[in-house]
$ cat work.txt   # compact mmCIF, C-alpha atoms
# COMPACT_ATOMS: atom_id res chain seq x y z
CA MET E 16 160.11 62.57 69.91
CA THR E 17 162.94 62.65 72.44
CA TRP E 18 162.76 61.15 75.93
CA ALA E 19 162.97 64.69 77.32
CA ALA E 20 159.96 65.74 75.24
CA LEU E 21 157.99 62.70 76.42
CA PHE E 22 158.90 63.59 80.00
CA SER E 23 157.60 67.14 79.54
CA LEU E 24 154.41 65.88 77.91
CA ALA E 25 153.76 63.44 80.76
CA ASN E 26 154.38 66.20 83.31
CA ALA E 27 151.97 68.55 81.55
CA ILE E 28 149.25 65.89 81.51
CA ALA E 29 149.85 65.10 85.19
CA LEU E 30 149.70 68.79 86.09
CA LEU E 31 146.39 69.16 84.29
CA ALA E 32 144.98 66.10 86.06
CA TRP E 33 146.10 67.38 89.48
CA ALA E 34 144.65 70.84 88.81
CA THR E 35 141.38 69.14 87.89
CA LEU E 36 141.42 66.99 91.01
CA ILE E 37 142.12 69.98 93.28
CA LEU E 38 139.96 72.65 91.62
CA ALA E 39 137.24 71.10 89.47
CA PRO E 40 133.89 69.73 90.66
CA ARG E 41 133.93 66.06 91.58
CA TRP E 42 131.93 64.93 88.58
CA ALA E 43 132.00 61.17 88.09
CA ALA E 44 133.04 61.64 84.45
CA LEU E 45 136.01 63.81 85.44
CA LEU E 46 137.18 61.33 88.07
CA ALA E 47 136.79 58.51 85.55
CA ALA E 48 138.81 60.49 83.01
CA ILE E 49 141.63 60.82 85.55
CA ARG E 50 141.44 57.20 86.66
CA TYR E 51 141.08 55.47 83.30
CA GLY E 52 142.33 58.18 80.96
CA VAL E 53 145.36 59.76 82.59
CA ILE E 54 146.42 57.05 85.03
CA GLY E 55 145.61 54.38 82.45
CA LEU E 56 147.72 56.19 79.87
CA PHE E 57 150.66 56.45 82.29
CA CYS E 58 150.38 52.74 83.09
CA VAL E 59 150.41 51.75 79.43
CA ALA E 60 153.35 54.07 78.70
CA TYR E 61 155.21 52.64 81.70
CA ALA E 62 154.54 49.08 80.59
CA VAL E 63 155.79 49.75 77.07
CA LEU E 64 159.00 51.39 78.32
CA VAL E 65 159.70 48.61 80.82
CA LEU E 66 159.02 45.84 78.31
CA LEU E 67 161.19 47.49 75.68
CA PHE E 68 164.11 48.79 77.71
CA PHE E 69 164.28 47.41 81.26
CA PHE E 70 166.15 44.21 80.43
CA ARG E 71 168.56 45.92 78.07
CA VAL E 72 170.15 48.10 80.74
CA GLU E 73 173.59 46.74 81.60
CA GLY E 74 173.81 45.99 85.34
CA GLY E 75 170.33 47.38 85.98
CA GLY E 76 167.93 45.92 88.56
CA PHE E 77 166.13 46.46 91.86
CA GLY E 78 168.49 44.43 94.07
CA SER E 79 170.79 47.22 95.27
CA LEU E 80 171.21 50.96 95.08
CA LEU E 81 173.99 50.30 92.57
CA GLU E 82 171.61 48.39 90.27
CA VAL E 83 168.90 51.03 90.58
CA ARG E 84 171.44 53.75 89.78
CA ALA E 85 172.60 51.83 86.72
CA LEU E 86 168.97 51.43 85.67
CA PHE E 87 168.28 55.13 86.01
CA ALA E 88 171.36 56.00 83.99
CA SER E 89 169.28 54.92 81.01
CA ASP E 90 166.91 57.66 79.83
CA PRO E 91 163.94 55.41 78.91
CA ALA E 92 164.23 53.51 82.21
CA LEU E 93 164.44 56.83 84.08
CA LEU E 94 161.35 58.06 82.25
CA ALA E 95 159.56 54.81 83.15
CA GLY E 96 160.47 55.41 86.79
CA TRP E 97 159.07 58.94 86.61
CA LEU E 98 155.84 57.67 85.01
CA HIS E 99 155.57 55.22 87.90
CA TYR E 100 155.64 58.19 90.31
CA LEU E 101 153.11 60.16 88.28
CA ALA E 102 150.67 57.26 87.95
CA PHE E 103 150.82 56.11 91.57
CA ASP E 104 150.81 59.61 93.10
CA LEU E 105 147.75 60.52 91.05
CA PHE E 106 146.03 57.27 92.02
CA VAL E 107 146.70 58.03 95.68
CA GLY E 108 145.46 61.60 95.17
CA LEU E 109 142.23 60.28 93.70
CA TRP E 110 141.84 57.89 96.62
CA ILE E 111 142.45 60.69 99.16
CA ALA E 112 139.92 62.95 97.38
CA GLU E 113 137.22 60.28 97.31
CA ARG E 114 137.77 59.35 100.94
CA ALA E 115 137.76 63.00 101.97
CA ASP E 116 134.50 63.56 100.07
CA ALA E 117 132.90 60.58 101.81
CA ARG E 118 134.11 62.05 105.08
CA GLY E 119 132.53 65.39 104.28
CA LEU E 120 135.88 67.19 104.39
CA ASN E 121 135.62 70.61 102.78
CA ARG E 122 137.42 71.12 99.45
CA PHE E 123 139.43 74.02 100.90
CA ILE E 124 141.01 71.69 103.47
CA GLN E 125 141.46 68.99 100.84
CA ALA E 126 143.48 71.36 98.65
CA PRO E 127 146.65 71.51 100.81
CA LEU E 128 146.45 67.73 101.37
CA LEU E 129 146.25 67.05 97.64
CA PHE E 130 148.95 69.62 96.90
CA ALA E 131 151.25 67.87 99.38
CA THR E 132 150.50 64.56 97.63
CA PHE E 133 151.21 66.12 94.23
CA MET E 134 154.59 67.47 95.36
CA PHE E 135 155.75 64.83 97.87
CA GLY E 136 153.36 61.87 97.50
CA PRO E 137 153.87 59.96 100.74
CA ILE E 138 153.75 63.12 102.87
CA GLY E 139 150.25 63.90 101.60
CA LEU E 140 149.24 60.31 102.19
CA LEU E 141 150.66 60.46 105.72
CA MET E 142 148.62 63.59 106.46
CA THR E 143 145.40 61.69 105.80
CA ILE E 144 146.40 58.39 107.37
CA GLY E 145 145.17 59.48 110.80
CA PHE E 146 141.64 59.69 109.41
CA ASP E 147 141.42 55.92 109.87
CA LEU E 148 141.73 56.40 113.63
CA ILE E 149 138.35 58.13 113.86
CA PRO E 150 136.02 57.39 110.97
CA ARG E 151 133.19 59.74 110.23
CA SER E 152 130.67 60.06 107.48
CA LEU E 153 128.57 62.92 106.19
CA ARG E 154 125.65 60.55 105.73
CA THR E 155 124.81 60.49 109.44
CA GLN E 156 125.01 64.24 109.86
CA ASP E 157 122.99 65.30 112.89
CA ALA E 158 122.58 68.96 112.06
CA MET Y 2 124.35 61.90 116.89
CA SER Y 3 126.74 64.11 118.75
CA THR Y 4 126.05 64.50 122.37
CA ILE Y 5 127.69 65.37 125.59
CA ALA Y 6 125.21 63.72 127.89
CA ILE Y 7 125.22 65.29 131.30
CA PRO Y 8 124.02 62.77 133.83
CA GLN Y 9 122.08 63.77 136.91
CA ASP Y 10 125.08 63.11 139.11
CA ARG Y 11 127.42 65.91 138.09
CA ARG Y 12 130.46 64.08 139.28
CA ALA Y 13 129.94 61.39 136.69
CA ILE Y 14 132.00 61.70 133.52
CA PRO Y 15 129.94 62.83 130.51
CA THR Y 16 129.86 60.37 127.65
CA PHE Y 17 131.16 61.65 124.37
CA SER Y 18 130.47 60.36 120.90
CA MET Y 19 132.12 61.71 117.80
CA PRO Y 20 130.19 64.62 116.29
CA THR Y 21 129.51 64.37 112.57
CA ASP Y 22 128.64 67.96 111.69
CA PRO Y 23 131.01 69.63 109.18
CA ALA Y 24 132.53 72.11 111.64
CA SER Y 25 133.44 69.44 114.20
CA GLY Y 26 134.65 67.22 111.36
CA ALA Y 27 136.99 69.92 110.08
CA ALA Y 28 138.42 70.44 113.56
CA LEU Y 29 138.81 66.69 114.09
CA ASP Y 30 140.55 66.12 110.77
CA THR Y 31 142.94 69.00 111.42
CA ALA Y 32 143.88 67.46 114.75
CA LEU Y 33 144.45 64.08 113.08
CA ILE Y 34 146.62 65.65 110.36
CA MET Y 35 148.84 67.23 113.05
CA LEU Y 36 149.09 63.90 114.85
CA ALA Y 37 150.31 62.17 111.68
CA LEU Y 38 152.87 64.89 110.96
CA LEU Y 39 154.37 64.52 114.43
CA ALA Y 40 155.89 61.19 113.34
CA PRO Y 41 158.38 62.42 110.71
CA THR Y 42 159.06 65.55 112.79
CA LEU Y 43 160.09 63.58 115.88
CA VAL Y 44 162.34 61.28 113.83
CA ALA Y 45 163.84 64.21 111.90
CA MET Y 46 164.64 65.96 115.19
CA ASN Y 47 166.85 63.09 116.20
CA ILE Y 48 168.69 62.87 112.89
CA ASP Y 49 168.92 66.41 111.52
CA GLU Y 50 171.95 68.31 112.81
CA ARG Y 51 170.74 71.65 111.48
CA GLN Y 52 169.83 74.46 113.84
CA LEU Y 53 168.01 77.77 113.62
CA ASN Y 54 168.82 80.46 116.18
CA SER Y 55 170.76 77.75 118.05
CA ALA Y 56 167.67 75.57 118.49
CA ASP Y 57 166.96 72.29 116.71
CA ILE Y 58 165.46 73.25 113.34
CA TRP Y 59 162.54 70.85 113.98
CA MET Y 60 161.66 72.29 117.38
CA LYS Y 61 159.41 74.95 115.88
CA PRO Y 62 157.39 72.57 113.65
CA LEU Y 63 157.02 70.33 116.72
CA HIS Y 64 155.73 73.24 118.86
CA PHE Y 65 153.22 74.24 116.19
CA GLN Y 66 152.02 70.68 115.54
CA LEU Y 67 151.44 70.08 119.25
CA SER Y 68 149.79 73.45 119.73
CA ILE Y 69 147.50 73.13 116.70
CA PHE Y 70 146.65 69.56 117.69
CA ILE Y 71 145.66 70.68 121.19
CA HIS Y 72 143.74 73.68 119.84
CA PHE Y 73 141.61 71.72 117.36
CA ALA Y 74 141.18 68.63 119.54
CA ALA Y 75 139.80 70.95 122.24
CA LEU Y 76 137.45 72.53 119.71
CA VAL Y 77 136.11 69.07 118.81
CA LEU Y 78 135.19 68.71 122.48
CA LEU Y 79 133.85 72.26 122.85
CA LEU Y 80 131.81 72.55 119.65
CA PRO Y 81 129.07 70.25 121.03
CA LEU Y 82 128.41 72.94 123.66
CA ILE Y 83 126.74 74.89 120.85
CA ASN Y 84 123.27 73.61 120.05
CA PRO Y 85 123.04 71.53 116.83
CA ALA Y 86 121.42 74.34 114.83
CA GLY Y 87 124.13 76.79 115.86
CA ARG Y 88 126.85 74.29 115.04
CA ALA Y 89 125.40 73.71 111.59
CA SER Y 90 125.08 77.46 110.97
CA ARG Y 91 126.95 78.96 108.03
CA LEU Y 92 129.01 81.13 110.40
CA ILE Y 93 130.41 78.20 112.39
CA ARG Y 94 130.82 75.93 109.37
CA TRP Y 95 132.78 78.51 107.40
CA SER Y 96 134.85 79.85 110.25
CA MET Y 97 135.92 76.29 111.13
CA THR Y 98 136.61 75.37 107.50
CA SER Y 99 138.71 78.52 107.12
CA ALA Y 100 140.53 77.93 110.39
CA ALA Y 101 141.28 74.31 109.50
CA THR Y 102 142.52 75.22 106.03
CA ALA Y 103 144.69 77.99 107.47
CA ALA Y 104 146.15 75.62 110.08
CA VAL Y 105 147.05 72.94 107.53
CA CYS Y 106 148.66 75.49 105.20
CA GLU Y 107 150.46 77.10 108.14
CA ILE Y 108 152.04 73.83 109.31
CA GLY Y 109 152.87 72.97 105.70
CA TYR Y 110 154.87 76.16 105.25
CA ILE Y 111 156.54 75.88 108.66
CA MET Y 112 157.69 72.31 107.84
CA LEU Y 113 158.77 73.28 104.33
CA GLN Y 114 160.90 76.11 105.70
CA ALA Y 115 162.41 73.84 108.36
CA ALA Y 116 163.29 71.29 105.67
CA ARG Y 117 164.95 74.08 103.69
CA GLY Y 118 166.82 75.14 106.82
CA ARG Y 119 165.19 78.56 106.81
CA ALA Y 120 163.06 80.64 109.16
CA SER Y 121 159.31 80.80 108.56
CA HIS Y 122 158.42 83.76 110.78
CA PHE Y 123 160.28 87.09 110.82
CA ASN Y 124 161.99 86.18 107.56
CA ALA Y 125 162.20 88.89 104.91
CA SER Y 126 165.34 87.70 103.13
CA THR Y 127 163.73 86.72 99.81
CA PRO Y 128 160.65 88.11 98.00
CA ILE Y 129 158.65 84.90 98.49
CA GLU Y 130 159.48 84.66 102.20
CA THR Y 131 158.62 88.34 102.57
CA VAL Y 132 155.19 87.66 101.10
CA MET Y 133 154.68 84.42 103.05
CA TYR Y 134 155.29 85.90 106.49
CA PRO Y 135 152.30 88.30 106.50
CA LEU Y 136 150.20 85.57 104.81
CA MET Y 137 150.95 83.36 107.81
CA GLY Y 138 149.82 86.23 110.01
CA ILE Y 139 146.51 86.31 108.16
CA GLY Y 140 146.21 82.52 108.52
CA ALA Y 141 146.90 82.70 112.26
CA THR Y 142 144.30 85.47 112.60
CA ILE Y 143 141.72 83.28 110.82
CA ILE Y 144 142.47 80.41 113.24
CA VAL Y 145 141.99 82.71 116.24
CA ILE Y 146 138.82 84.31 114.86
CA GLY Y 147 137.44 80.78 114.47
CA SER Y 148 137.90 79.96 118.15
CA PHE Y 149 136.61 83.40 119.18
CA LEU Y 150 133.39 82.82 117.22
CA ILE Y 151 132.88 79.41 118.82
CA GLY Y 152 133.14 81.10 122.21
CA VAL Y 153 130.55 83.69 121.13
CA GLN Y 154 128.20 81.02 119.79
CA ILE Y 155 128.45 78.92 122.97
CA TRP Y 156 127.29 82.08 124.73
CA ARG Y 157 124.53 82.97 122.23
CA GLN Y 158 123.38 79.54 121.04
CA GLY Y 159 124.80 77.34 123.77
CA ARG Y 160 123.11 74.26 125.04
CA THR Y 161 121.49 74.77 128.40
CA ASP Y 162 121.69 71.16 129.55
CA ILE Y 163 125.36 71.36 130.47
CA GLY Y 164 127.13 72.43 133.61
CA ALA Y 165 127.19 76.20 134.13
CA GLY Y 166 130.90 76.10 134.99
CA LEU Y 167 131.91 74.31 131.80
CA ARG Y 168 129.75 76.64 129.73
CA LEU Y 169 131.19 79.78 131.33
CA GLY Y 170 134.76 78.46 131.18
CA ALA Y 171 134.37 77.66 127.48
CA ILE Y 172 132.88 81.08 126.68
CA LEU Y 173 135.51 83.03 128.64
CA GLY Y 174 138.42 80.82 127.57
CA LEU Y 175 137.64 80.93 123.86
CA THR Y 176 136.73 84.63 123.61
CA LEU Y 177 139.33 86.08 125.98
CA GLY Y 178 142.00 83.54 124.97
CA SER Y 179 141.52 84.38 121.29
CA ALA Y 180 141.50 88.13 121.96
CA ALA Y 181 144.61 87.96 124.15
CA THR Y 182 146.39 85.82 121.55
CA LEU Y 183 145.57 88.35 118.85
CA ILE Y 184 146.89 91.24 120.95
CA ILE Y 185 150.12 89.51 121.98
CA ALA Y 186 150.87 87.86 118.64
CA GLY Y 187 149.96 91.11 116.92
CA THR Y 188 152.44 92.99 119.09
CA MET Y 189 155.05 90.35 118.33
CA ALA Y 190 154.43 90.46 114.59
CA SER Y 191 154.31 94.26 114.38
CA GLY Y 192 157.98 94.34 115.36
CA SER Y 193 157.34 97.52 117.33
CA ILE Y 194 158.93 96.07 120.48
CA ASP Y 195 162.64 95.47 119.75
CA GLY Y 196 161.52 93.66 116.57
CA PRO Y 197 161.58 91.93 114.25
CA GLY Y 198 161.23 88.83 116.41
CA HIS Y 199 159.82 87.67 119.70
CA TRP Y 200 162.84 88.59 121.79
CA VAL Y 201 162.89 91.82 123.79
CA GLY Y 202 166.44 92.65 124.83
CA GLY Y 203 168.79 89.91 125.96
CA VAL Y 204 170.56 87.57 123.55
CA HIS Y 205 168.52 87.04 120.39
CA SER Y 206 169.07 83.29 120.30
CA ASP Y 207 167.57 80.09 121.67
CA ALA Y 208 171.00 78.96 122.86
CA ASN Y 209 170.18 79.65 126.51
CA GLY Y 210 166.43 79.22 126.22
CA LEU Y 211 164.29 77.21 128.64
CA PRO Y 212 164.29 73.46 127.96
CA PHE Y 213 161.76 72.49 125.28
CA LEU Y 214 159.89 75.82 125.43
CA GLY Y 215 162.92 77.79 124.30
CA TRP Y 216 161.92 81.04 126.03
CA SER Y 217 164.82 83.41 126.58
CA THR Y 218 166.58 83.38 129.96
CA THR Y 219 168.58 86.50 129.17
CA GLY Y 220 165.81 88.90 128.10
CA GLY Y 221 162.10 89.25 127.46
CA ASP Y 222 160.39 86.71 125.22
CA LEU Y 223 156.89 87.36 123.85
CA ARG Y 224 156.44 83.63 123.19
CA ALA Y 225 155.74 83.16 126.92
CA PRO Y 226 152.60 85.37 127.16
CA HIS Y 227 151.53 84.05 123.71
CA PHE Y 228 151.67 80.52 125.15
CA PHE Y 229 149.68 81.39 128.28
CA ALA Y 230 147.11 83.43 126.33
CA THR Y 231 146.56 80.80 123.65
CA HIS Y 232 146.32 77.81 125.93
CA GLY Y 233 143.89 79.61 128.22
CA MET Y 234 141.44 78.48 125.54
CA GLN Y 235 141.86 74.95 126.90
CA VAL Y 236 142.67 75.66 130.54
CA LEU Y 237 139.54 77.69 131.38
CA PRO Y 238 137.06 75.12 129.96
CA VAL Y 239 138.87 72.41 131.93
CA ALA Y 240 138.65 74.64 135.01
CA GLY Y 241 134.92 75.02 134.37
CA PHE Y 242 134.47 71.27 133.92
CA LEU Y 243 136.23 70.63 137.23
CA ALA Y 244 134.35 73.45 138.97
CA ASP Y 245 131.03 71.81 138.08
CA ARG Y 246 132.18 68.68 139.84
CA LEU Y 247 133.82 70.34 142.84
CA PHE Y 248 131.72 73.40 143.60
CA GLY Y 249 128.24 72.59 142.28
CA SER Y 250 126.10 75.73 142.10
CA GLN Y 251 129.12 77.87 143.04
CA ALA Y 252 130.93 76.75 139.86
CA PRO Y 253 130.47 80.04 137.92
CA ARG Y 254 132.03 81.98 140.78
CA ALA Y 255 135.01 79.61 140.73
CA VAL Y 256 135.33 80.02 136.97
CA TRP Y 257 135.32 83.81 137.26
CA SER Y 258 138.08 83.54 139.86
CA ALA Y 259 140.11 81.21 137.65
CA THR Y 260 139.61 83.61 134.75
CA ALA Y 261 140.82 86.55 136.84
CA LEU Y 262 143.91 84.58 137.85
CA TRP Y 263 144.57 83.60 134.24
CA VAL Y 264 144.15 87.21 133.00
CA ALA Y 265 146.60 88.31 135.67
CA LEU Y 266 149.06 85.61 134.56
CA VAL Y 267 148.84 86.63 130.91
CA ALA Y 268 149.06 90.36 131.68
CA THR Y 269 151.99 89.86 134.04
CA THR Y 270 154.00 87.63 131.70
CA PHE Y 271 153.22 90.07 128.85
CA ALA Y 272 154.44 93.03 130.93
CA ILE Y 273 157.54 91.10 132.02
CA ALA Y 274 158.36 90.28 128.40
CA LEU Y 275 157.78 93.86 127.27
CA THR Y 276 160.24 95.17 129.83
CA GLY Y 277 162.87 92.81 128.45
CA THR Y 278 163.02 90.65 131.54
CA PRO Y 279 163.25 86.86 131.33
CA LEU Y 280 160.48 84.88 133.00
CA LEU Y 281 163.04 82.53 134.53
CA ARG Y 282 166.80 82.81 134.77
CA LEU Y 283 168.63 79.52 134.72
$ encode --input "work.txt" --output "structure tokens"
Amino acid sequence: MTWAALFSLANAIALLAWATLILAPRWAALLAAIRYGVIGLFCVAYAVLVLLFFFRVEGGGFGSLLEVRALFASDPALLAGWLHYLAFDLFVGLWIAERADARGLNRFIQAPLLFATFMFGPIGLLMTIGFDLIPRSLRTQDA
Amino acid sequence: MSTIAIPQDRRAIPTFSMPTDPASGAALDTALIMLALLAPTLVAMNIDERQLNSADIWMKPLHFQLSIFIHFAALVLLLPLINPAGRASRLIRWSMTSAATAAVCEIGYIMLQAARGRASHFNASTPIETVMYPLMGIGATIIVIGSFLIGVQIWRQGRTDIGAGLRLGAILGLTLGSAATLIIAGTMASGSIDGPGHWVGGVHSDANGLPFLGWSTTGGDLRAPHFFATHGMQVLPVAGFLADRLFGSQAPRAVWSATALWVALVATTFAIALTGTPLLRL
């Protein structure tokens, strides 16, 4: 399997997980499958790639843009970086979904927030960050 | 519990605690989302050199974020004027959920297009943009229907333990403001008046527009009556709130007068724009 094929496979799995998070019912088993199955898988794959390839990249590191660029010139290191995005974005998406559910926020309004997180992670996170200013919970509904 | 407690002394300020019903929650969260998105927009405005129609490319997202924030924050305050059963009704829950979803998608597309350096409204240059523009029109209509229905429900299922001025101002502001917005924005979107676009005559550019607002100083600009119509939804309830404190039992009369003035303002600025005349010349 080539690095490009692994990249495509990881993307397909991530896409499926995001579609599930946005569209499917919030069954505990489904959320667990995303958290431990998909995100867990990405984390293991990331760890393997980093342990095998990170320290072999000539001039690679986190200390400067130059070092990061050198790191990402290596296909396995670049793939590891991409898996890092996929894993963390999905984790944040899960966190946003669970918080929104606890808040009683309708799934229709959640959808654009989660889509924004899927496409441009931190922007989706930013959109929900204001929720901390005024907490609310469905549990104390007065209707 | 969500309450606007009206004390015996009408001049006292009502206490307000955050409502927890789904409709109010949707409105509140939409307002908070807009607030958060203001941050990158304001920074981008100061860094991005790109322009659209000679205005800062981020000016339009900023206008929409502020306007949607004000709209939904006001609804959070006005929804408690409906009695709890009415607020929990399917009609109000779903119209608010739809309006909130539409608003979040709307601002998402407006920001995406600004980031791409392209127009969001009146843009038919690619197939996707041609499809998106009328979709935004549908979204905007859903937002306005939502506020109209809240006005209707304050009238039909409103709480009776609140000031008559506030109640009347909220009913008139939300129903008439929504209707006027639909008429003016509909005229603008139809492109029948010197369209496509919001300019009527004059130079079709924001180069000589009013500061911040951007309204044309060389010709008519339908954004002006749109602004007055839409924000009547907040102005008339505030007028009613103040009337309760200032005029006591005469408050409804004061609110009707304020409404008449506001209708005249909207009609006049609409007529001025339609004739291709600028509201102000600099």
$ closest_atom_pairs --input "work.txt" --of "chain E" --to "chain Y" --cutoff "12 Å" --atoms "all atoms listed in the file" --output "tab-separated table"
residue	atom	partner	partner_atom	distance
E:Ala115	CA	Y:Asp30	CA	9.7
E:Asp116	CA	Y:Pro23	CA	11.5
E:Ala117	CA	Y:Gly26	CA	11.8
E:Arg118	CA	Y:Gly26	CA	8.2
E:Gly119	CA	Y:Pro23	CA	6.7
E:Leu120	CA	Y:Ala27	CA	6.4
E:Asn121	CA	Y:Thr98	CA	6.8
E:Arg122	CA	Y:Thr98	CA	9.1
E:Phe123	CA	Y:Thr102	CA	6.1
E:Ile124	CA	Y:Thr102	CA	4.6
E:Gln125	CA	Y:Thr102	CA	8.2
E:Ala126	CA	Y:Thr102	CA	8.4
E:Pro127	CA	Y:Cys106	CA	6.3
E:Leu128	CA	Y:Val105	CA	8.1
E:Leu129	CA	Y:Val105	CA	11.5
E:Phe130	CA	Y:Cys106	CA	10.2
E:Ala131	CA	Y:Gly109	CA	8.3
E:Thr132	CA	Y:Gly109	CA	11.9
E:Met134	CA	Y:Leu113	CA	11.5
E:Phe135	CA	Y:Leu113	CA	11.1
E:Pro137	CA	Y:Pro41	CA	11.2
E:Ile138	CA	Y:Leu38	CA	8.3
E:Gly139	CA	Y:Ile34	CA	9.6
E:Leu140	CA	Y:Ala37	CA	9.7
E:Leu141	CA	Y:Ala37	CA	6.2
E:Met142	CA	Y:Ile34	CA	4.8
E:Thr143	CA	Y:Ile34	CA	6.2
E:Ile144	CA	Y:Ala37	CA	6.9
E:Gly145	CA	Y:Leu33	CA	5.2
E:Phe146	CA	Y:Leu33	CA	6.4
E:Asp147	CA	Y:Leu33	CA	9.3
E:Leu148	CA	Y:Leu33	CA	8.2
E:Ile149	CA	Y:Met19	CA	8.2
E:Pro150	CA	Y:Met19	CA	9.0
E:Arg151	CA	Y:Thr21	CA	6.4
E:Ser152	CA	Y:Thr21	CA	6.8
E:Leu153	CA	Y:Thr21	CA	6.6
E:Arg154	CA	Y:Thr21	CA	8.7
E:Thr155	CA	Y:Thr21	CA	6.9
E:Gln156	CA	Y:Thr21	CA	5.3
E:Asp157	CA	Y:Met2	CA	5.4
E:Ala158	CA	Y:Pro85	CA	5.4
$ atom_distance --input "work.txt" --atom1 "CA of Arg84 (chain E)" --atom2 "CA of Trp33 (chain E)"
28.8 Å
$ atom_distance --input "work.txt" --atom1 "CA of Gly164 (chain Y)" --atom2 "CA of Phe229 (chain Y)"
24.8 Å
$ residues_around --input "work.txt" --residues "Arg224 (chain Y)" --least-positions-apart "4" --cutoff "7 Å" --atoms "all atoms listed in the file" --output "PyMOL selection string"
chain Y and resi 199+216+228
$ residues_around --input "work.txt" --residues "region 158-163 of chain Y" --least-positions-apart "3" --cutoff "9 Å" --atoms "all atoms listed in the file" --output "number ranges by chain"
Y: 5-7, 81-88, 153-155, 166-168
$ closest_residue --input "work.txt" --among "Y:Thr182, Y:Gln251, Y:Thr188, Y:Gln66" --to "Val267 (chain Y)" --atoms "all atoms listed in the file"
Y:Thr182
$ residues_around --input "work.txt" --residues "Met60 (chain Y)" --least-positions-apart "2" --cutoff "9 Å" --atoms "all atoms listed in the file" --output "list in words"
Thr42, Leu43, Met46, Ala56, Asp57, Ile58, Pro62, Leu63, His64, Phe65, Phe213, Leu214 and Gly215 of chain Y
$ closest_atom_pairs --input "work.txt" --of "region 80-104 of chain E" --to "region 108-114 of chain E" --cutoff "10 Å" --atoms "only C-alpha atoms" --output "JSON lines"
{"residue": "E:Ala102", "atom": "CA", "partner": "E:Gly108", "partner_atom": "CA", "distance": 9.9}
{"residue": "E:Phe103", "atom": "CA", "partner": "E:Gly108", "partner_atom": "CA", "distance": 8.5}
{"residue": "E:Asp104", "atom": "CA", "partner": "E:Gly108", "partner_atom": "CA", "distance": 6.1}
$ closest_residue --input "work.txt" --among "Y:Ser68, Y:Ile93, Y:Leu53, Y:Ala240" --to "Ser121 (chain Y)" --atoms "only C-alpha atoms"
Y:Leu53
$ residues_around --input "work.txt" --residues "region 70-76 of chain E" --least-positions-apart "2" --cutoff "9 Å" --atoms "all atoms listed in the file" --output "number ranges by chain"
E: 65-68, 78-89, 92
$ atom_distance --input "work.txt" --atom1 "CA of Pro226 (chain Y)" --atom2 "CA of Leu280 (chain Y)"
9.8 Å
$ closest_residue --input "work.txt" --among "E:Val59, E:Leu21, E:Met16, E:Ala34" --to "Leu93 (chain E)" --atoms "only C-alpha atoms"
E:Leu21
$ residues_around --input "work.txt" --residues "Ala186 (chain Y)" --least-positions-apart "6" --cutoff "12 Å" --atoms "all atoms listed in the file" --output "list in words"
His122, Met137, Gly138, Ile139, Ala141, Thr142, Val145, Gly178, Ser179, Ala180, Gly192, Ser193, Ile194, Gly198, His199, Asp222, Leu223, Arg224, Ala225, Pro226, His227, Phe228, Phe229, Ala230, Thr231 and Phe271 of chain Y
$ closest_residue --input "work.txt" --among "E:Ile37, E:His99, E:Leu31, E:Ile49" --to "Ala62 (chain E)" --atoms "all atoms listed in the file"
E:His99
$ closest_residue --input "work.txt" --among "Y:Ile172, Y:Ala259, Y:Leu67, Y:Gly221" --to "Arg157 (chain Y)" --atoms "all atoms listed in the file"
Y:Ile172
$ axis_aligned_box --input "work.txt" --around "region 23-26 of chain E" --padding-each-side "4 Å" --output "lines of an AutoDock Vina configuration file"
center_x = 155.7
center_y = 65.3
center_z = 80.6
size_x = 11.8
size_y = 11.7
size_z = 13.4
$ closest_residue --input "work.txt" --among "E:Ala47, E:Val53, E:Ala19, E:Leu24" --to "Leu105 (chain E)" --atoms "all atoms listed in the file"
E:Val53
